[in-house]
$ cat protein_5.cif   # mmCIF, C-alpha atoms
data_upload
#
loop_
_atom_site.label_atom_id
_atom_site.label_comp_id
_atom_site.auth_asym_id
_atom_site.auth_seq_id
_atom_site.Cartn_x
_atom_site.Cartn_y
_atom_site.Cartn_z
CA MET A 1 22.08 1.76 -33.21
CA ALA A 2 18.84 -0.20 -33.07
CA LEU A 3 18.96 -3.68 -31.63
CA ARG A 4 18.70 -6.44 -34.23
CA ALA A 5 16.03 -8.35 -32.40
CA SER A 6 14.34 -11.43 -33.76
CA SER A 7 10.57 -11.61 -33.72
CA VAL A 8 7.83 -14.13 -34.35
CA SER A 9 4.27 -12.93 -34.88
CA ALA A 10 1.34 -14.80 -33.40
CA SER A 11 0.10 -15.83 -36.84
CA ALA A 12 3.51 -16.95 -38.07
CA ALA A 13 4.22 -18.81 -34.86
CA GLY A 14 0.94 -20.64 -35.30
CA SER A 15 1.90 -22.18 -38.64
CA PRO A 16 3.54 -25.62 -38.58
CA ALA A 17 6.36 -24.54 -40.86
CA ALA A 18 7.28 -21.51 -38.81
CA ALA A 19 6.86 -23.23 -35.47
CA GLY A 20 9.25 -26.10 -36.21
CA ASN A 21 11.76 -27.04 -33.58
CA SER A 22 11.84 -23.57 -32.04
CA GLU A 23 8.32 -24.01 -30.63
CA ARG A 24 9.09 -27.39 -29.09
CA SER A 25 10.40 -28.32 -25.67
CA PRO A 26 14.21 -28.21 -25.66
CA PHE A 27 14.15 -31.40 -23.60
CA ALA A 28 12.05 -33.23 -26.20
CA ARG A 29 14.56 -32.14 -28.82
CA LEU A 30 17.42 -33.34 -26.63
CA SER A 31 15.81 -36.76 -26.20
CA GLU A 32 15.52 -37.08 -29.97
CA LEU A 33 19.12 -35.97 -30.48
CA LEU A 34 20.41 -38.63 -28.09
CA ALA A 35 17.93 -41.39 -28.99
CA PRO A 36 20.32 -43.24 -31.35
CA TYR A 37 23.00 -43.56 -28.65
CA GLN A 38 23.60 -45.27 -25.34
CA PRO A 39 25.49 -43.54 -22.50
CA GLY A 40 29.14 -44.53 -22.59
CA GLU A 41 29.41 -44.61 -18.81
CA ARG A 42 27.01 -44.50 -15.87
CA LEU A 43 24.48 -41.81 -16.74
CA ILE A 44 24.84 -38.45 -15.00
CA ASN A 45 21.96 -36.15 -15.90
CA LEU A 46 22.96 -32.48 -15.87
CA SER A 47 20.47 -31.37 -18.51
CA VAL A 48 17.43 -30.54 -16.37
CA GLY A 49 17.45 -27.78 -13.77
CA GLU A 50 15.80 -30.00 -11.19
CA PRO A 51 17.37 -29.55 -7.73
CA GLN A 52 18.52 -32.82 -6.20
CA HIS A 53 19.42 -31.56 -2.73
CA PRO A 54 17.40 -32.97 0.20
CA VAL A 55 13.82 -31.87 0.76
CA PRO A 56 13.63 -29.75 3.96
CA ASP A 57 12.83 -31.69 7.12
CA PHE A 58 9.75 -29.63 7.94
CA VAL A 59 7.84 -30.63 4.80
CA GLY A 60 6.54 -33.99 6.04
CA PRO A 61 5.31 -32.81 9.46
CA VAL A 62 3.55 -29.76 7.99
CA LEU A 63 1.80 -31.90 5.39
CA ALA A 64 0.75 -34.35 8.09
CA ARG A 65 -0.82 -31.57 10.17
CA HIS A 66 -2.78 -30.24 7.22
CA THR A 67 -3.67 -33.43 5.33
CA ALA A 68 -7.41 -32.93 5.90
CA GLU A 69 -7.24 -29.67 3.96
CA PHE A 70 -6.70 -31.58 0.73
CA GLY A 71 -10.47 -31.91 0.99
CA ARG A 72 -10.98 -28.20 0.32
CA TYR A 73 -11.07 -26.33 -2.97
CA PRO A 74 -8.35 -23.70 -2.59
CA MET A 75 -9.01 -20.01 -3.26
CA ALA A 76 -7.24 -18.85 -6.40
CA LYS A 77 -5.56 -15.93 -4.63
CA GLY A 78 -4.07 -18.13 -1.92
CA ILE A 79 -4.69 -18.45 1.80
CA ALA A 80 -3.95 -15.39 3.93
CA PRO A 81 -1.09 -17.01 5.92
CA PHE A 82 0.73 -17.81 2.69
CA ARG A 83 0.32 -14.33 1.24
CA GLU A 84 1.41 -12.75 4.51
CA ALA A 85 4.47 -14.99 4.80
CA ALA A 86 5.53 -14.38 1.20
CA ALA A 87 5.05 -10.62 1.49
CA SER A 88 7.02 -10.50 4.74
CA TRP A 89 9.84 -12.56 3.21
CA LEU A 90 10.04 -10.28 0.18
CA ALA A 91 10.27 -7.15 2.29
CA LYS A 92 12.96 -8.60 4.55
CA ARG A 93 15.01 -10.31 1.85
CA PHE A 94 15.19 -7.29 -0.46
CA ALA A 95 15.03 -4.54 2.19
CA LEU A 96 11.95 -3.00 0.57
CA GLU A 97 10.61 0.30 1.85
CA ARG A 98 7.37 -1.52 2.55
CA ALA A 99 6.09 -5.04 2.17
CA PRO A 100 3.62 -5.76 -0.64
CA ASP A 101 0.03 -5.69 0.60
CA PRO A 102 -0.93 -9.37 1.01
CA GLU A 103 -4.51 -8.55 0.04
CA THR A 104 -3.89 -6.68 -3.20
CA GLU A 105 -0.26 -7.01 -4.25
CA LEU A 106 0.52 -10.74 -4.00
CA LEU A 107 -1.02 -13.93 -5.40
CA VAL A 108 -0.11 -17.59 -5.00
CA LEU A 109 0.92 -19.44 -8.16
CA ASN A 110 1.00 -23.07 -9.18
CA GLY A 111 4.74 -22.71 -9.65
CA SER A 112 6.35 -19.79 -11.46
CA ARG A 113 6.07 -21.40 -14.93
CA GLU A 114 2.28 -21.28 -14.92
CA GLY A 115 2.40 -17.75 -13.59
CA LEU A 116 4.89 -16.49 -16.16
CA PHE A 117 2.90 -18.03 -19.01
CA LEU A 118 -0.46 -16.55 -17.99
CA ALA A 119 1.12 -13.18 -17.20
CA ALA A 120 1.57 -12.54 -20.92
CA VAL A 121 -2.12 -13.16 -21.58
CA ALA A 122 -3.11 -10.92 -18.68
CA ALA A 123 -0.69 -8.20 -19.76
CA ALA A 124 -2.04 -8.13 -23.31
CA ARG A 125 -5.53 -7.56 -21.93
CA TYR A 126 -4.40 -5.04 -19.33
CA VAL A 127 -2.25 -2.49 -21.16
CA SER A 128 -3.67 0.29 -23.31
CA PRO A 129 -3.76 -0.23 -27.10
CA ARG A 130 -0.29 -0.36 -28.59
CA ASP A 131 1.12 1.69 -31.46
CA GLY A 132 1.40 -1.16 -33.96
CA THR A 133 1.47 -4.93 -33.55
CA PRO A 134 1.61 -5.66 -29.80
CA ALA A 135 4.96 -7.14 -28.80
CA ILE A 136 6.36 -8.98 -25.81
CA LEU A 137 10.13 -8.73 -25.37
CA MET A 138 12.32 -11.44 -23.86
CA PRO A 139 15.98 -12.37 -23.52
CA ASN A 140 17.43 -14.84 -25.98
CA PRO A 141 18.19 -17.58 -24.74
CA PHE A 142 15.08 -17.71 -22.58
CA TYR A 143 12.78 -19.83 -20.45
CA PRO A 144 10.32 -21.51 -22.89
CA ALA A 145 7.24 -20.33 -20.98
CA TYR A 146 7.95 -16.74 -22.08
CA ALA A 147 7.55 -17.43 -25.80
CA ALA A 148 4.59 -19.73 -25.18
CA GLY A 149 2.92 -16.93 -23.22
CA ALA A 150 3.52 -14.38 -25.95
CA ARG A 151 2.05 -16.72 -28.52
CA ALA A 152 -1.04 -17.43 -26.37
CA ALA A 153 -1.49 -13.68 -25.86
CA GLY A 154 -1.54 -13.04 -29.60
CA CYS A 155 1.56 -10.88 -29.35
CA GLU A 156 4.71 -10.76 -31.41
CA ALA A 157 7.62 -12.30 -29.52
CA VAL A 158 10.70 -10.11 -29.84
CA PHE A 159 13.92 -11.89 -28.90
CA LEU A 160 16.72 -9.76 -27.45
CA PRO A 161 20.14 -11.45 -27.79
CA THR A 162 22.04 -11.89 -24.53
CA THR A 163 25.72 -12.43 -25.25
CA PRO A 164 29.11 -11.86 -23.60
CA ALA A 165 29.18 -8.42 -25.25
CA ASN A 166 26.17 -7.22 -23.22
CA GLY A 167 26.86 -9.17 -20.04
CA PHE A 168 24.20 -11.77 -20.94
CA LEU A 169 21.38 -9.27 -20.28
CA PRO A 170 19.19 -7.50 -22.87
CA ASP A 171 20.81 -4.28 -24.07
CA LEU A 172 18.22 -1.69 -23.04
CA ASP A 173 20.07 1.20 -24.70
CA SER A 174 19.71 -0.47 -28.10
CA LEU A 175 15.93 -0.83 -28.04
CA ASP A 176 14.40 1.36 -30.76
CA ALA A 177 11.48 3.70 -30.12
CA ALA A 178 9.14 1.95 -32.55
CA THR A 179 9.52 -1.36 -30.68
CA LEU A 180 9.07 0.25 -27.28
CA LYS A 181 5.85 1.96 -28.38
CA ARG A 182 4.24 -1.36 -29.20
CA THR A 183 5.63 -3.29 -26.25
CA VAL A 184 3.07 -4.93 -23.96
CA ALA A 185 5.58 -6.43 -21.54
CA ILE A 186 9.17 -7.52 -21.17
CA TYR A 187 10.33 -10.70 -19.49
CA ILE A 188 13.58 -10.28 -17.59
CA ALA A 189 15.27 -13.10 -15.70
CA SER A 190 17.74 -12.24 -12.94
CA PRO A 191 19.67 -14.37 -12.21
CA ALA A 192 19.43 -15.33 -15.85
CA ASN A 193 18.73 -18.83 -17.05
CA PRO A 194 21.04 -20.19 -18.44
CA GLN A 195 23.99 -17.81 -18.02
CA GLY A 196 23.56 -16.79 -14.37
CA SER A 197 24.00 -13.06 -15.00
CA VAL A 198 22.45 -10.70 -12.45
CA ALA A 199 20.83 -7.34 -13.18
CA SER A 200 22.03 -4.41 -11.08
CA LEU A 201 19.65 -1.98 -9.40
CA ASP A 202 20.72 0.62 -11.96
CA TYR A 203 19.68 -1.79 -14.70
CA PHE A 204 16.28 -2.32 -13.08
CA ALA A 205 15.87 1.44 -12.65
CA LYS A 206 16.59 2.03 -16.34
CA LEU A 207 14.11 -0.67 -17.31
CA LYS A 208 11.49 0.80 -14.97
CA ALA A 209 11.91 4.23 -16.56
CA LEU A 210 11.30 2.71 -20.01
CA ALA A 211 8.24 0.83 -18.77
CA ASP A 212 6.73 3.97 -17.27
CA ARG A 213 7.52 6.07 -20.33
CA HIS A 214 5.98 3.60 -22.77
CA GLY A 215 3.31 2.04 -20.57
CA PHE A 216 4.40 -1.58 -20.59
CA LEU A 217 4.84 -4.17 -17.82
CA ILE A 218 8.01 -5.68 -16.41
CA LEU A 219 7.59 -9.40 -15.75
CA ALA A 220 10.63 -10.21 -13.61
CA ASP A 221 11.49 -13.89 -13.25
CA GLU A 222 13.44 -14.08 -9.98
CA CYS A 223 13.10 -17.78 -9.16
CA TYR A 224 16.91 -18.20 -8.95
CA SER A 225 17.41 -15.23 -6.62
CA GLU A 226 18.36 -17.39 -3.63
CA ILE A 227 21.00 -19.43 -5.48
CA TYR A 228 24.26 -17.52 -5.41
CA THR A 229 27.76 -18.09 -4.10
CA ARG A 230 28.89 -14.52 -3.39
CA ASP A 231 26.61 -11.44 -3.52
CA ALA A 232 22.84 -11.72 -3.06
CA PRO A 233 20.97 -10.65 -6.23
CA GLY A 234 18.54 -7.75 -6.02
CA SER A 235 14.93 -7.54 -7.16
CA ALA A 236 13.02 -5.44 -9.68
CA LEU A 237 10.76 -4.44 -6.76
CA GLN A 238 13.64 -2.41 -5.32
CA ALA A 239 13.41 -0.06 -8.31
CA ALA A 240 9.63 -0.21 -8.66
CA GLY A 241 8.71 2.80 -6.55
CA PRO A 242 6.27 2.93 -3.62
CA ASP A 243 3.32 1.54 -5.58
CA PHE A 244 5.26 -1.07 -7.64
CA HIS A 245 3.67 0.46 -10.75
CA ASN A 246 4.22 -1.60 -13.94
CA VAL A 247 6.29 -4.25 -12.13
CA ALA A 248 5.42 -7.85 -11.28
CA VAL A 249 8.01 -10.26 -9.86
CA PHE A 250 7.72 -14.04 -9.88
CA GLN A 251 9.18 -16.35 -7.25
CA SER A 252 9.19 -20.09 -6.67
CA LEU A 253 10.18 -22.56 -3.98
CA SER A 254 11.57 -25.00 -6.54
CA LYS A 255 15.13 -23.69 -6.43
CA ARG A 256 15.17 -21.85 -3.10
CA SER A 257 13.84 -24.77 -1.05
CA ASN A 258 14.51 -27.82 -3.29
CA LEU A 259 10.79 -28.35 -3.85
CA PRO A 260 10.38 -28.52 -7.64
CA GLY A 261 7.57 -31.06 -7.40
CA MET A 262 5.50 -29.03 -4.98
CA ARG A 263 4.62 -26.37 -7.58
CA VAL A 264 4.19 -23.38 -5.30
CA GLY A 265 5.27 -19.85 -6.10
CA PHE A 266 3.89 -16.34 -6.12
CA VAL A 267 3.68 -13.10 -8.05
CA ALA A 268 3.92 -9.70 -6.34
CA GLY A 269 3.78 -6.11 -7.51
CA ASP A 270 1.43 -3.66 -9.24
CA ALA A 271 -1.99 -3.98 -7.55
CA ASP A 272 -3.98 -2.88 -10.59
CA PHE A 273 -2.29 -5.42 -12.83
CA LEU A 274 -2.62 -8.17 -10.23
CA LYS A 275 -6.34 -7.48 -9.95
CA ALA A 276 -6.74 -8.09 -13.69
CA TYR A 277 -4.32 -11.03 -13.52
CA HIS A 278 -6.32 -12.59 -10.69
CA GLU A 279 -9.52 -12.33 -12.75
CA LEU A 280 -7.88 -14.43 -15.47
CA ARG A 281 -6.29 -16.95 -13.11
CA ASN A 282 -9.55 -17.33 -11.20
CA VAL A 283 -11.15 -18.98 -14.23
CA ALA A 284 -8.19 -20.40 -16.13
CA ALA A 285 -5.39 -21.44 -13.76
CA PRO A 286 -4.79 -24.46 -11.53
CA GLN A 287 -5.34 -23.79 -7.85
CA VAL A 288 -2.66 -24.54 -5.25
CA PRO A 289 -3.61 -27.16 -2.62
CA VAL A 290 -3.96 -25.65 0.85
CA PRO A 291 -1.56 -28.09 2.57
CA LEU A 292 1.17 -27.13 0.11
CA GLN A 293 0.62 -23.47 0.90
CA HIS A 294 1.18 -24.28 4.58
CA VAL A 295 4.48 -25.93 3.64
CA ALA A 296 5.36 -22.72 1.81
CA VAL A 297 4.57 -20.68 4.93
CA ALA A 298 7.11 -22.79 6.82
CA ALA A 299 9.63 -22.48 3.99
CA TYR A 300 9.44 -18.68 3.85
CA GLY A 301 9.87 -18.57 7.62
CA ASP A 302 13.10 -20.57 7.59
CA GLU A 303 16.45 -19.46 6.16
CA ALA A 304 18.62 -22.25 7.60
CA HIS A 305 17.73 -24.72 4.85
CA VAL A 306 18.29 -22.03 2.21
CA GLU A 307 21.77 -21.24 3.49
CA GLU A 308 22.61 -24.95 3.55
CA ASN A 309 21.36 -25.15 -0.02
CA ARG A 310 23.68 -22.31 -1.03
CA ARG A 311 26.57 -23.98 0.77
CA LEU A 312 26.11 -27.12 -1.29
CA TYR A 313 26.03 -25.16 -4.54
CA ARG A 314 29.07 -23.16 -3.44
CA LEU A 315 31.02 -26.40 -2.99
CA LYS A 316 30.10 -27.50 -6.49
CA PHE A 317 31.13 -24.22 -8.06
CA ASP A 318 34.42 -24.51 -6.17
CA LEU A 319 34.82 -27.85 -7.97
CA ALA A 320 34.05 -26.21 -11.31
CA ASP A 321 36.67 -23.53 -10.60
CA GLN A 322 39.25 -26.25 -9.96
CA ILE A 323 38.32 -28.81 -12.63
CA ILE A 324 37.27 -26.60 -15.54
CA GLY A 325 39.43 -23.59 -14.74
CA ALA A 326 39.66 -21.24 -17.73
CA ARG A 327 38.42 -23.78 -20.28
CA TYR A 328 35.34 -23.21 -22.46
CA GLY A 329 34.98 -19.57 -21.41
CA TYR A 330 33.95 -20.69 -17.94
CA ARG A 331 33.30 -17.99 -15.38
CA ARG A 332 31.69 -18.62 -12.02
CA PRO A 333 28.13 -17.31 -12.50
CA ALA A 334 26.77 -14.55 -10.27
CA GLY A 335 23.60 -16.52 -9.62
CA GLY A 336 21.71 -19.68 -10.48
CA PHE A 337 23.16 -23.16 -10.66
CA CYS A 338 24.10 -23.60 -14.31
CA LEU A 339 27.35 -23.51 -16.25
CA TRP A 340 27.22 -21.89 -19.67
CA LEU A 341 30.19 -23.37 -21.52
CA ASP A 342 31.50 -22.31 -24.92
CA VAL A 343 32.13 -25.46 -26.96
CA ALA A 344 32.29 -23.87 -30.40
CA ALA A 345 35.89 -25.07 -30.73
CA GLN A 346 34.79 -28.60 -29.81
CA GLY A 347 32.48 -28.90 -32.82
CA GLY A 348 29.51 -26.93 -31.54
CA ASP A 349 26.75 -27.52 -29.03
CA GLU A 350 25.00 -30.52 -30.60
CA VAL A 351 28.27 -32.29 -31.42
CA ALA A 352 29.61 -31.73 -27.90
CA THR A 353 26.32 -32.86 -26.35
CA VAL A 354 26.32 -36.12 -28.30
CA LYS A 355 30.00 -36.71 -27.58
CA LEU A 356 29.59 -36.20 -23.83
CA PHE A 357 26.64 -38.58 -23.72
CA LYS A 358 28.01 -41.21 -26.08
CA GLN A 359 31.50 -41.33 -24.61
CA GLY A 360 30.97 -40.26 -21.01
CA GLY A 361 27.33 -40.70 -20.05
CA VAL A 362 27.06 -37.00 -19.22
CA ARG A 363 23.73 -35.52 -20.32
CA VAL A 364 23.72 -31.75 -20.97
CA ILE A 365 21.60 -29.57 -23.26
CA PRO A 366 22.69 -27.70 -26.40
CA GLY A 367 22.48 -23.94 -25.96
CA SER A 368 20.85 -23.47 -29.35
CA TYR A 369 17.83 -25.43 -28.08
CA LEU A 370 17.28 -22.75 -25.42
CA ALA A 371 17.24 -19.84 -27.90
CA ARG A 372 15.74 -18.69 -31.20
CA PRO A 373 17.53 -17.51 -34.35
CA GLN A 374 17.93 -13.74 -34.58
CA ALA A 375 17.02 -11.65 -37.62
CA ASP A 376 20.49 -12.18 -39.08
CA GLY A 377 20.18 -15.96 -38.73
CA SER A 378 22.51 -16.24 -35.75
CA ASN A 379 21.47 -18.14 -32.63
CA PRO A 380 22.82 -16.63 -29.37
CA GLY A 381 22.81 -20.06 -27.74
CA ALA A 382 24.68 -21.83 -30.52
CA GLY A 383 28.10 -23.09 -29.55
CA TYR A 384 27.23 -23.32 -25.84
CA ILE A 385 26.09 -26.14 -23.60
CA ARG A 386 24.14 -25.69 -20.38
CA VAL A 387 25.29 -27.81 -17.46
CA ALA A 388 22.90 -27.88 -14.47
CA MET A 389 24.88 -28.38 -11.26
CA VAL A 390 22.06 -30.18 -9.50
CA GLN A 391 23.65 -33.49 -8.48
CA ASP A 392 25.61 -34.10 -5.27
CA SER A 393 29.24 -32.95 -5.06
CA GLU A 394 30.78 -36.35 -5.70
CA THR A 395 28.64 -36.96 -8.78
CA THR A 396 29.24 -33.42 -10.00
CA ALA A 397 33.01 -33.79 -9.68
CA GLU A 398 32.91 -37.04 -11.64
CA ALA A 399 30.80 -35.43 -14.38
CA LEU A 400 33.10 -32.42 -14.68
CA HIS A 401 36.20 -34.62 -14.89
CA ARG A 402 34.53 -36.64 -17.64
CA LEU A 403 33.52 -33.46 -19.46
CA VAL A 404 37.07 -32.09 -19.50
CA ARG A 405 38.58 -35.45 -20.50
CA ILE A 406 36.16 -35.94 -23.38
CA LEU A 407 36.16 -32.40 -24.75
CA GLU A 408 39.92 -31.80 -24.52
#
$ encode --input "protein_5.cif" --output "structure tokens"
Amino acid sequence: MALRASSVSASAAGSPAAAGNSERSPFARLSELLAPYQPGERLINLSVGEPQHPVPDFVGPVLARHTAEFGRYPMAKGIAPFREAAASWLAKRFALERAPDPETELLVLNGSREGLFLAAVAAARYVSPRDGTPAILMPNPFYPAYAAGARAAGCEAVFLPTTPANGFLPDLDSLDAATLKRTVAIYIASPANPQGSVASLDYFAKLKALADRHGFLILADECYSEIYTRDAPGSALQAAGPDFHNVAVFQSLSKRSNLPGMRVGFVAGDADFLKAYHELRNVAAPQVPVPLQHVAVAAYGDEAHVEENRRLYRLKFDLADQIIGARYGYRRPAGGFCLWLDVAAQGGDEVATVKLFKQGGVRVIPGSYLARPQADGSNPGAGYIRVAMVQDSETTAEALHRLVRILE
């Protein structure tokens, strides 16, 4: 049975009528939804996935030692110490057969969002001509940069519903041959945002086989890989083969090291693709300041702050286990730091969002704002709210108690 995927062509997406709310920032839409109301209690913001844990102690001293290097234009590919540190970390963390070559298989990024967006443009230029309208596949719900990238690349965005029935990951077995033949790339997030589902190595291997058979790229968003409370998630690179052919993985220090404002990440994988990708970024992308890359070198060389980070998230998910229990379809996610709560019985995602804010001062985001309607008109995010567990434990406990009291 072919997957009933939703799609938006580049031309349709460019029209004001078609773009509508689905092309807009979900956070701008949330602000408009809540604008008529005041928070009923002290505001607790759980809508944005912005880590609030302490910045690592080494950041200030490293910046101080390298302050003078703000006076240099950075190289687009990144300084050698950064690329070497990131490649070494990847190999160790995911037990790769070999580390990516720092010279040809890894590039610094101005945060993973910029990298994921431009990857679609680079992929559309890189792959061979497609059999039909070029398409970029992505999970639905999804990170907004994916759809923006597809649109900028002039490709049709094909939205693959991720629901409880398929474990909140795109159903690869249901992809039809005609779609695969015109696929330029697929975005895959593991752990997924917002549901926290994690792809197995078998899943990555199946996806890699499809990519090789049909000649498309896997753009693996792994920026939540270090946020988990039980088993460490794997990487698409583990199933990519010795040359990482057709695979590019994206990482960021925002979640791993509580440095969302630093805007440092990297992409690693297929050397041929990264060569073409670098050519685009070298003329179109923001460079990463050298002192920040030195902070990243220190971050990738230290696991103590990452383990402490996980400990703090683990405590908060323990609170969710206790306070929410079996309500709202809650299940402790395999990765990431978000709750994906089913509030269909509480009036739906927008109604619940307004109620939580108006009565309890708890700011969350409607799941439908993170997704697009499918071909049958359904929205895989509708009826859910995303709750980002980014505040401290005491604040999180208070917010969860309010949530249960208000939605009961």
$ axis_aligned_box --input "protein_5.cif" --around "stretch 234-251 of chain A" --padding-each-side "8 Å" --output "lines of an AutoDock Vina configuration file"
center_x = 10.9
center_y = -6.7
center_z = -8.8
size_x = 31.2
size_y = 35.3
size_z = 26.3
$ closest_residue --input "protein_5.cif" --among "A:Leu30, A:Ala296, A:Ala220, A:Val283" --to "A:Asn45" --atoms "all atoms listed in the file"
A:Leu30
$ closest_atom_pairs --input "protein_5.cif" --of "stretch 103-222 of chain A" --to "stretch 382-395 of chain A" --cutoff "12 Å" --atoms "all atoms listed in the file" --output "JSON lines"
{"residue": "A:Asn140", "atom": "CA", "partner": "A:Ala382", "partner_atom": "CA", "distance": 11.0}
{"residue": "A:Pro141", "atom": "CA", "partner": "A:Ala382", "partner_atom": "CA", "distance": 9.7}
{"residue": "A:Pro161", "atom": "CA", "partner": "A:Ala382", "partner_atom": "CA", "distance": 11.7}
{"residue": "A:Thr162", "atom": "CA", "partner": "A:Ala382", "partner_atom": "CA", "distance": 11.9}
{"residue": "A:Thr163", "atom": "CA", "partner": "A:Ala382", "partner_atom": "CA", "distance": 10.8}
{"residue": "A:Pro164", "atom": "CA", "partner": "A:Tyr384", "partner_atom": "CA", "distance": 11.8}
{"residue": "A:Asn193", "atom": "CA", "partner": "A:Arg386", "partner_atom": "CA", "distance": 9.3}
{"residue": "A:Pro194", "atom": "CA", "partner": "A:Arg386", "partner_atom": "CA", "distance": 6.6}
{"residue": "A:Gln195", "atom": "CA", "partner": "A:Arg386", "partner_atom": "CA", "distance": 8.2}
{"residue": "A:Gly196", "atom": "CA", "partner": "A:Arg386", "partner_atom": "CA", "distance": 10.8}
$ residues_near_point --input "protein_5.cif" --point "(17.7, -3.8, -6.9)" --cutoff "7 Å" --atoms "all atoms listed in the file" --output "list in words"
Ser200, Leu201, Phe204, Gly234, Ser235, Ala236, Leu237, Gln238 and Ala239 of chain A
$ resolve_selection --input "protein_5.cif" --expression "the PyMOL selection byres ((chain A and resi 66) around 12)" --output "list in words"
Val59, Gly60, Pro61, Val62, Leu63, Ala64, Arg65, Thr67, Ala68, Glu69, Phe70, Gly71, Arg72, Pro289, Val290, Pro291, Leu292, Gln293, His294 and Val295 of chain A
$ resolve_selection --input "protein_5.cif" --expression "the PyMOL selection byres ((chain A and resi 316) around 8)" --output "NGL selection string"
:A and (312-315 or 317-320 or 389 or 393 or 396-397)
$ atom_distance --input "protein_5.cif" --atom1 "atom CA of A:Tyr126" --atom2 "atom CA of A:Glu222"
22.1 Å
$ resolve_selection --input "protein_5.cif" --expression "the PyMOL selection byres ((chain A and resi 76) around 6)" --output "number ranges by chain"
A: 75, 77-78, 282, 287
$ write_last_selection --input "protein_5.cif" --atoms "C-alpha atoms" --output "PDB file, keeping the file's coordinate frame"
ATOM      1  CA  MET A  75      -9.010 -20.010  -3.260  1.00  0.00           C
ATOM      2  CA  LYS A  77      -5.560 -15.930  -4.630  1.00  0.00           C
ATOM      3  CA  GLY A  78      -4.070 -18.130  -1.920  1.00  0.00           C
ATOM      4  CA  ASN A 282      -9.550 -17.330 -11.200  1.00  0.00           C
ATOM      5  CA  GLN A 287      -5.340 -23.790  -7.850  1.00  0.00           C
TER       6      GLN A 287
END
$ atom_distance --input "protein_5.cif" --atom1 "atom CA of A:Leu33" --atom2 "atom CA of A:Pro333"
27.4 Å
$ closest_residue --input "protein_5.cif" --among "A:Gly348, A:Pro51, A:Pro191, A:Gly377" --to "A:Phe142" --atoms "only C-alpha atoms"
A:Pro191
$ closest_residue --input "protein_5.cif" --among "A:Tyr300, A:Ile227, A:Phe117, A:Leu407" --to "A:Pro144" --atoms "all atoms listed in the file"
A:Phe117
$ closest_residue --input "protein_5.cif" --among "A:Gly360, A:Pro242, A:Pro170, A:Pro39" --to "A:Leu207" --atoms "all atoms listed in the file"
A:Pro170
$ atom_distance --input "protein_5.cif" --atom1 "atom CA of A:Ile186" --atom2 "atom CA of A:Arg213"
13.7 Å
$ closest_atom_pairs --input "protein_5.cif" --of "stretch 267-343 of chain A" --to "stretch 245-261 of chain A" --cutoff "12 Å" --atoms "only C-alpha atoms" --output "CSV"
residue,atom,partner,partner_atom,distance
A:Val267,CA,A:Phe250,CA,4.5
A:Ala268,CA,A:Val249,CA,5.4
A:Gly269,CA,A:Ala248,CA,4.5
A:Asp270,CA,A:His245,CA,4.9
A:Ala271,CA,A:His245,CA,7.9
A:Asp272,CA,A:His245,CA,8.3
A:Phe273,CA,A:Asn246,CA,7.6
A:Leu274,CA,A:Ala248,CA,8.1
A:Lys275,CA,A:Ala248,CA,11.8
A:Tyr277,CA,A:Ala248,CA,10.5
A:Leu292,CA,A:Leu259,CA,10.5
A:Gln293,CA,A:Leu253,CA,10.8
A:Val295,CA,A:Leu259,CA,10.1
A:Ala296,CA,A:Leu253,CA,7.5
A:Val297,CA,A:Leu253,CA,10.7
A:Ala298,CA,A:Ser257,CA,10.5
A:Ala299,CA,A:Ser257,CA,7.0
A:Tyr300,CA,A:Leu253,CA,8.8
A:Gly301,CA,A:Ser257,CA,11.4
A:Asp302,CA,A:Ser257,CA,9.6
A:Glu303,CA,A:Ser257,CA,9.3
A:Ala304,CA,A:Ser257,CA,10.2
A:His305,CA,A:Ser257,CA,7.1
A:Val306,CA,A:Ser257,CA,6.2
A:Glu307,CA,A:Arg256,CA,9.3
A:Glu308,CA,A:Ser257,CA,9.9
A:Asn309,CA,A:Ser257,CA,7.6
A:Arg310,CA,A:Arg256,CA,8.8
A:Leu312,CA,A:Asn258,CA,11.8
A:Tyr313,CA,A:Lys255,CA,11.2
A:Gly335,CA,A:Lys255,CA,11.5
A:Gly336,CA,A:Lys255,CA,8.7
A:Phe337,CA,A:Lys255,CA,9.1
A:Cys338,CA,A:Lys255,CA,11.9
$ write_last_selection --input "protein_5.cif" --atoms "C-alpha atoms" --output "compact mmCIF listing (two decimals), keeping the file's coordinate frame"
# COMPACT_ATOMS: atom_id res chain seq x y z
CA VAL A 267 3.68 -13.10 -8.05
CA ALA A 268 3.92 -9.70 -6.34
CA GLY A 269 3.78 -6.11 -7.51
CA ASP A 270 1.43 -3.66 -9.24
CA ALA A 271 -1.99 -3.98 -7.55
CA ASP A 272 -3.98 -2.88 -10.59
CA PHE A 273 -2.29 -5.42 -12.83
CA LEU A 274 -2.62 -8.17 -10.23
CA LYS A 275 -6.34 -7.48 -9.95
CA TYR A 277 -4.32 -11.03 -13.52
CA LEU A 292 1.17 -27.13 0.11
CA GLN A 293 0.62 -23.47 0.90
CA VAL A 295 4.48 -25.93 3.64
CA ALA A 296 5.36 -22.72 1.81
CA VAL A 297 4.57 -20.68 4.93
CA ALA A 298 7.11 -22.79 6.82
CA ALA A 299 9.63 -22.48 3.99
CA TYR A 300 9.44 -18.68 3.85
CA GLY A 301 9.87 -18.57 7.62
CA ASP A 302 13.10 -20.57 7.59
CA GLU A 303 16.45 -19.46 6.16
CA ALA A 304 18.62 -22.25 7.60
CA HIS A 305 17.73 -24.72 4.85
CA VAL A 306 18.29 -22.03 2.21
CA GLU A 307 21.77 -21.24 3.49
CA GLU A 308 22.61 -24.95 3.55
CA ASN A 309 21.36 -25.15 -0.02
CA ARG A 310 23.68 -22.31 -1.03
CA LEU A 312 26.11 -27.12 -1.29
CA TYR A 313 26.03 -25.16 -4.54
CA GLY A 335 23.60 -16.52 -9.62
CA GLY A 336 21.71 -19.68 -10.48
CA PHE A 337 23.16 -23.16 -10.66
CA CYS A 338 24.10 -23.60 -14.31
